[in-house]
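Chemist: Input: one structure, supplied below.
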Amino acid sequence: MKIGIGQINTRVGDFDSNAEKIVAACEKFASEGADLAVFPESAITGYPVKDLVFYDRFVEAAQEKLKELAARLPLPALIGCPRKSGGAAGHFNSAYWVENGEAKAVCDKTLLPNYGALNDARNFDPGKCFSIVGFKGKKIGVTICEDIWTLPSIPTAARYENVCLPLDHFSALNGGTNRGLDLLINISASVFSATNDNVRGRGGLLCGVSREVRAPLLWCNLVGGNDEIIFAGGSAVVDASGAVEKSKCLKKFEEDFAVVDIDNLEGYDGDSHDFNGDEDILKALVMSLRDFVNKCGLNRVLIGLSGGIDSALVAALAVEALGKERVIGVSMPSKISSRHSRDDARALAENLGIEFHTVSIEKTVAGAEAELSGLFAGLAPDVTEENIQSRARGLTIMAMSNKFGALVLTTGNKSECAVGYCTLYGDTCGGFAPICDIYKTEVYRLCNLINKRAGREIIPQNTIDKPPSAELRPDQLDEDSLPPYDILDAILRMHIEEYKSVSEIVGAGFNRDVVEDVARKVAGAEYKRSQYPIGPKVSKTAYSTDRKIPIAIKRGIQ
């Protein structure tokens, strides 16, 4: 049996566009001899729908579009779409088997994730039964995303104790001499992070599931960026033995389509099965930025170019995502800004071929200081004056944003956000923060990778080589206030992503004074991060989607 896998990039709420992608894919699959087409979770509505599902008209309109779509399809298809449930939440997250213009079967998502970036348990009721569809002499099981994430080797498996698991049900169908399942299909919107993207590889989730149920597994995963969340695609088919050599993967980080004969898996010939390090992170960031800008209907982006490495990376990502014609760079020097920073900003803009402007903030800063001089008389200069510079830049770039209709991209990295090394209403201004989940050490790696891939200097080498500095006071260096970034990032990973306490981190070999200082800074900056623009999640624990820490707490408990 031949099945078309439609790995599409959906836009939340854009029922018409999503449906047209499904129709186009089905027509392509039909021309290639497919018997069935499969699409990702919530393909009609896009995913995640979050609280949009509580608007009755939203679900009704999605159902109307599904019914209209069914009449247009040239072959049977499995399509995700929510429906009303009558339960506490009021809705199911469902998969529809559409054949001959109508729904032949409906499968509801049974396991509802309620952790990290996912809160399906808030928006949906759990399904109560497991679906088997008979088609062309085969018995096909249908599941939705989390329904298969329950192998003992999967960390989330423990969340679903004392409930009937889909994998247990489908595994029992093929136990002993029984043969109650010929194929298991999972339509998915699996959230990407660098720690969970090995689902396709040897020993990964998909191979384990196929061995568990003793049947081939077809996994159709969503691709694209929706707000903070990234879906990597990489859909796959694995044979009943779970052998990587008898599997096929689709591409990651882009729409992809393939017709696969599940009775004759000749071997893998697609993209890499496994997480591919910085290359994958770079692709994820580019796709997320492109999708956010385009799905919001925006034309251009605006980036403050300091001559530093963070803004250089964001500008390079923006050009790759959108093209140089849609990117504007602006240098905003003060009287403290070094000549090399100004030169590096201009060199970057020239290397990228983007529109570039210089707007001095010197008079803006001087005016603010003059107006405040009486109030501040007798008080020594401190971080207040430093922040006036940053906020003058925020005022300038937001004024340009308003006038030119360009989205400001915030350029802070995860390390700086963690310890509050940023100025609210200054360098935190913007609508999207492409590298807010990227540590400083990763910033350097990605910049070097960009230059290596290009075979030339995109990001000026001086920007990469010079010591990092906010340049808000003469001769300022980041290491005046922070540990070296390799040490800082190691501590932050343990504290933020592994939830390790100060004593545990010290026990791992780090200096107690340094660890305690970092932990104090992290706790003290929680209020800043709560106001920070959203950005793509690529780590295990991103601030906006995963970390839920109160702001008004007694510090030091962690």
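Chain labels follow the order of the structure tokens: the first chain is A, the next B, and so on; residue numbering restarts at 1 in every chain, and ligands are counted from 1 in their shown order.
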Based on the backbone DSSP call, show me all residues of region 194-266 of chain A assigned helix (DSSP H, G or I), as a PyMOL selection string.
Modeler: chain A and resi 205-213+244-246
Chemist: Could you pull the residues within 6 Å of Ala232 (chain A), counting only C-alpha atoms, minus those fewer than 3 positions along the same chain, as a list in words?
Modeler: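 That gives Phe192, Val223, Lys252 and Phe253 of chain A.
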Chemist: Which is closest to Ile303 (chain A) among A:Val365, A:Ile187, A:Leu317, A:Ala542, if we use only C-alpha atoms?
Modeler: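 With only C-alpha atoms as the atom set, the closest residue is A:Leu317.
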Chemist: Any idea what the distance is between CA of Leu407 (chain A) and CA of Lys50 (chain A)?
Modeler: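 According to the coordinates, CA of Leu407 (chain A) and CA of Lys50 (chain A) are separated by 24.1 Å.
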Chemist: Please determine, counting only C-alpha atoms, which residue among A:Arg493, A:Arg339, A:Lys554, A:Lys537 has the shortest atom-to-atom distance to Phe231 (chain A).
Modeler: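 Looking only at the distances to Phe231 (chain A), the closest residue turns out to be A:Lys537.
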Chemist: Using only C-alpha atoms, which residues sit within 10 Å of Glu355 (chain A) once same-chain residues fewer than 6 positions away are excluded, as a ChimeraX atom specification?
Modeler: /A:302,324-330,349
Chemist: Go ahead and save the picked residues with N, CA and C atoms, as a JSON list (two decimals), in the first residue's frame.
Modeler:
```json
[["chain", "number", "residue", "atom", "x", "y", "z"],
["A", 302, "LEU", "N", 13.80, 45.32, 11.52],
["A", 302, "LEU", "CA", 14.74, 46.38, 11.86],
["A", 302, "LEU", "C", 15.61, 45.89, 13.01],
["A", 324, "LYS", "N", 17.80, 40.02, 1.87],
["A", 324, "LYS", "CA", 18.41, 41.29, 2.29],
["A", 324, "LYS", "C", 17.51, 42.50, 2.08],
["A", 325, "GLU", "N", 16.59, 42.43, 1.12],
["A", 325, "GLU", "CA", 15.71, 43.56, 0.83],
["A", 325, "GLU", "C", 14.74, 43.85, 1.96],
["A", 326, "ARG", "N", 14.53, 42.88, 2.85],
["A", 326, "ARG", "CA", 13.54, 43.05, 3.91],
["A", 326, "ARG", "C", 14.18, 43.31, 5.28],
["A", 327, "VAL", "N", 15.48, 43.60, 5.29],
["A", 327, "VAL", "CA", 16.21, 43.80, 6.54],
["A", 327, "VAL", "C", 16.84, 45.18, 6.56],
["A", 328, "ILE", "N", 16.62, 45.91, 7.65],
["A", 328, "ILE", "CA", 17.21, 47.24, 7.84],
["A", 328, "ILE", "C", 18.10, 47.19, 9.08],
["A", 329, "GLY", "N", 19.31, 47.68, 8.96],
["A", 329, "GLY", "CA", 20.20, 47.78, 10.10],
["A", 329, "GLY", "C", 20.42, 49.24, 10.47],
["A", 330, "VAL", "N", 20.52, 49.51, 11.78],
["A", 330, "VAL", "CA", 20.79, 50.88, 12.22],
["A", 330, "VAL", "C", 21.83, 50.85, 13.33],
["A", 349, "ALA", "N", 26.82, 45.18, 7.72],
["A", 349, "ALA", "CA", 25.74, 45.59, 6.81],
["A", 349, "ALA", "C", 26.18, 45.47, 5.35]]
```
Chemist: Taking the backbone alone, and naming residues the way the document does, which bits of region 67-271 of chain A are strand (DSSP E) by DSSP, as a PDB file with C-alpha atoms, in the first residue's frame?
Modeler:
```
ATOM      1  CA  ALA A  77      -6.870  11.155   3.737  1.00  0.00           C
ATOM      2  CA  LEU A  78      -6.164  11.339   7.458  1.00  0.00           C
ATOM      3  CA  ILE A  79      -6.522  14.957   8.606  1.00  0.00           C
ATOM      4  CA  GLY A  80      -6.285  16.574  12.044  1.00  0.00           C
ATOM      5  CA  CYS A  81      -9.070  18.905  13.192  1.00  0.00           C
ATOM      6  CA  PRO A  82     -10.656  19.701  16.592  1.00  0.00           C
ATOM      7  CA  ARG A  83     -14.285  18.888  17.323  1.00  0.00           C
ATOM      8  CA  LYS A  84     -16.764  19.466  20.114  1.00  0.00           C
ATOM      9  CA  HIS A  91     -13.436  19.765  22.639  1.00  0.00           C
ATOM     10  CA  PHE A  92     -11.397  16.826  21.358  1.00  0.00           C
ATOM     11  CA  ASN A  93      -8.151  17.049  19.431  1.00  0.00           C
ATOM     12  CA  SER A  94      -9.106  14.677  16.629  1.00  0.00           C
ATOM     13  CA  ALA A  95      -7.962  12.916  13.477  1.00  0.00           C
ATOM     14  CA  TYR A  96     -10.508  12.377  10.703  1.00  0.00           C
ATOM     15  CA  TRP A  97     -10.321   9.526   8.224  1.00  0.00           C
ATOM     16  CA  VAL A  98     -11.935  11.112   5.172  1.00  0.00           C
ATOM     17  CA  GLU A  99     -12.974   8.862   2.315  1.00  0.00           C
ATOM     18  CA  GLU A 102     -17.169  12.016   4.212  1.00  0.00           C
ATOM     19  CA  ALA A 103     -15.619  11.109   7.548  1.00  0.00           C
ATOM     20  CA  LYS A 104     -15.352   7.326   7.739  1.00  0.00           C
ATOM     21  CA  ALA A 105     -13.765   7.328  11.200  1.00  0.00           C
ATOM     22  CA  VAL A 106     -12.719   9.763  13.917  1.00  0.00           C
ATOM     23  CA  CYS A 107      -9.885   9.229  16.400  1.00  0.00           C
ATOM     24  CA  ASP A 108      -9.477  11.482  19.439  1.00  0.00           C
ATOM     25  CA  ASN A 114       0.540  19.442  30.095  1.00  0.00           C
ATOM     26  CA  TYR A 115       4.204  20.334  30.466  1.00  0.00           C
ATOM     27  CA  LEU A 118       2.353  22.163  25.650  1.00  0.00           C
ATOM     28  CA  ASN A 119      -0.945  22.482  27.518  1.00  0.00           C
ATOM     29  CA  SER A 131      -9.235   3.579  16.569  1.00  0.00           C
ATOM     30  CA  ILE A 132      -8.628   0.823  14.046  1.00  0.00           C
ATOM     31  CA  VAL A 133      -9.563   1.571  10.453  1.00  0.00           C
ATOM     32  CA  GLY A 134      -9.905  -1.168   7.865  1.00  0.00           C
ATOM     33  CA  PHE A 135      -8.471  -0.127   4.508  1.00  0.00           C
ATOM     34  CA  LYS A 138      -5.164  -3.825   6.297  1.00  0.00           C
ATOM     35  CA  LYS A 139      -5.925  -2.898   9.886  1.00  0.00           C
ATOM     36  CA  ILE A 140      -4.565   0.571  10.556  1.00  0.00           C
ATOM     37  CA  GLY A 141      -4.264   2.068  14.030  1.00  0.00           C
ATOM     38  CA  VAL A 142      -4.547   5.839  14.373  1.00  0.00           C
ATOM     39  CA  THR A 143      -2.888   7.892  17.123  1.00  0.00           C
ATOM     40  CA  ILE A 144      -2.119  11.568  17.668  1.00  0.00           C
ATOM     41  CA  LEU A 183       0.178  -0.357  10.437  1.00  0.00           C
ATOM     42  CA  LEU A 184       0.223   2.310  13.130  1.00  0.00           C
ATOM     43  CA  ILE A 185      -0.117   5.945  12.032  1.00  0.00           C
ATOM     44  CA  ASN A 186       0.720   8.871  14.284  1.00  0.00           C
ATOM     45  CA  ILE A 187      -0.153  12.395  13.152  1.00  0.00           C
ATOM     46  CA  SER A 188       1.981  14.759  15.155  1.00  0.00           C
ATOM     47  CA  LEU A 217       4.930   3.074  12.064  1.00  0.00           C
ATOM     48  CA  LEU A 218       4.158   6.105   9.924  1.00  0.00           C
ATOM     49  CA  TRP A 219       4.854   9.385  11.739  1.00  0.00           C
ATOM     50  CA  CYS A 220       3.652  12.541   9.978  1.00  0.00           C
ATOM     51  CA  ASN A 221       5.050  15.540  11.845  1.00  0.00           C
ATOM     52  CA  VAL A 223       6.887  21.592  10.211  1.00  0.00           C
ATOM     53  CA  GLY A 224       7.201  25.323  10.780  1.00  0.00           C
ATOM     54  CA  GLY A 225       7.331  27.988  13.458  1.00  0.00           C
ATOM     55  CA  ASN A 226       4.278  29.206  15.362  1.00  0.00           C
ATOM     56  CA  ILE A 229       7.340  26.893  19.137  1.00  0.00           C
ATOM     57  CA  ILE A 230       9.259  25.152  16.357  1.00  0.00           C
ATOM     58  CA  PHE A 231       8.108  22.001  14.605  1.00  0.00           C
ATOM     59  CA  ALA A 232      10.992  20.299  12.835  1.00  0.00           C
ATOM     60  CA  ALA A 236       9.280   9.109   8.906  1.00  0.00           C
ATOM     61  CA  VAL A 237       8.179   5.555   8.210  1.00  0.00           C
ATOM     62  CA  VAL A 238       9.830   2.704  10.127  1.00  0.00           C
ATOM     63  CA  SER A 247      13.019   3.428   7.164  1.00  0.00           C
ATOM     64  CA  LYS A 248      12.466   6.609   5.245  1.00  0.00           C
ATOM     65  CA  CYS A 249      12.660  10.161   6.576  1.00  0.00           C
ATOM     66  CA  ASP A 256       8.249  17.989   2.226  1.00  0.00           C
ATOM     67  CA  PHE A 257       6.116  15.387   0.512  1.00  0.00           C
ATOM     68  CA  ALA A 258       6.717  11.728  -0.271  1.00  0.00           C
ATOM     69  CA  VAL A 259       4.810   8.643  -1.356  1.00  0.00           C
ATOM     70  CA  VAL A 260       6.017   5.602   0.559  1.00  0.00           C
ATOM     71  CA  ASP A 261       5.201   1.950  -0.094  1.00  0.00           C
TER      72      ASP A 261
END
```
Chemist: Can you work out which one of A:Lys403, A:Lys295, A:Phe130, A:Ala490 has the shortest atom-to-atom distance to Gly509 (chain A), counting only C-alpha atoms?
Modeler: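 Of A:Lys403, A:Lys295, A:Phe130, A:Ala490, the one nearest Gly509 (chain A) is A:Ala490, counting only C-alpha atoms.
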Chemist: Quick one: pull the distance between CA of Asn123 (chain A) and CA of Cys436 (chain A), Å, one decimal.
Modeler: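 Separating CA of Asn123 (chain A) from CA of Cys436 (chain A) is a distance of 27.3 Å.
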Chemist: Given only C-alpha atoms as the basis, pick out the residue of A:Tyr47, A:Tyr439, A:Tyr421, A:Phe292 nearest to Asp489 (chain A).
Modeler: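 Answer, going by the shortest atom-to-atom distance: A:Tyr439.
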Chemist: So, counting only C-alpha atoms, which residue among A:Glu64, A:Glu161, A:Asp182, A:Glu369 is closest to Lys136 (chain A)?
Modeler: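 Residue with the minimum atom-to-atom distance to Lys136 (chain A): A:Asp182.
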Chemist: Go through A:Asp513, A:Gly116, A:Val213, A:Arg456 one by one, measure the shortest atom-to-atom distance of each to Tyr543 (chain A) using only C-alpha atoms, and give the residue with the smallest value.
Modeler: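 Result for the nearest residue to Tyr543 (chain A): A:Gly116.
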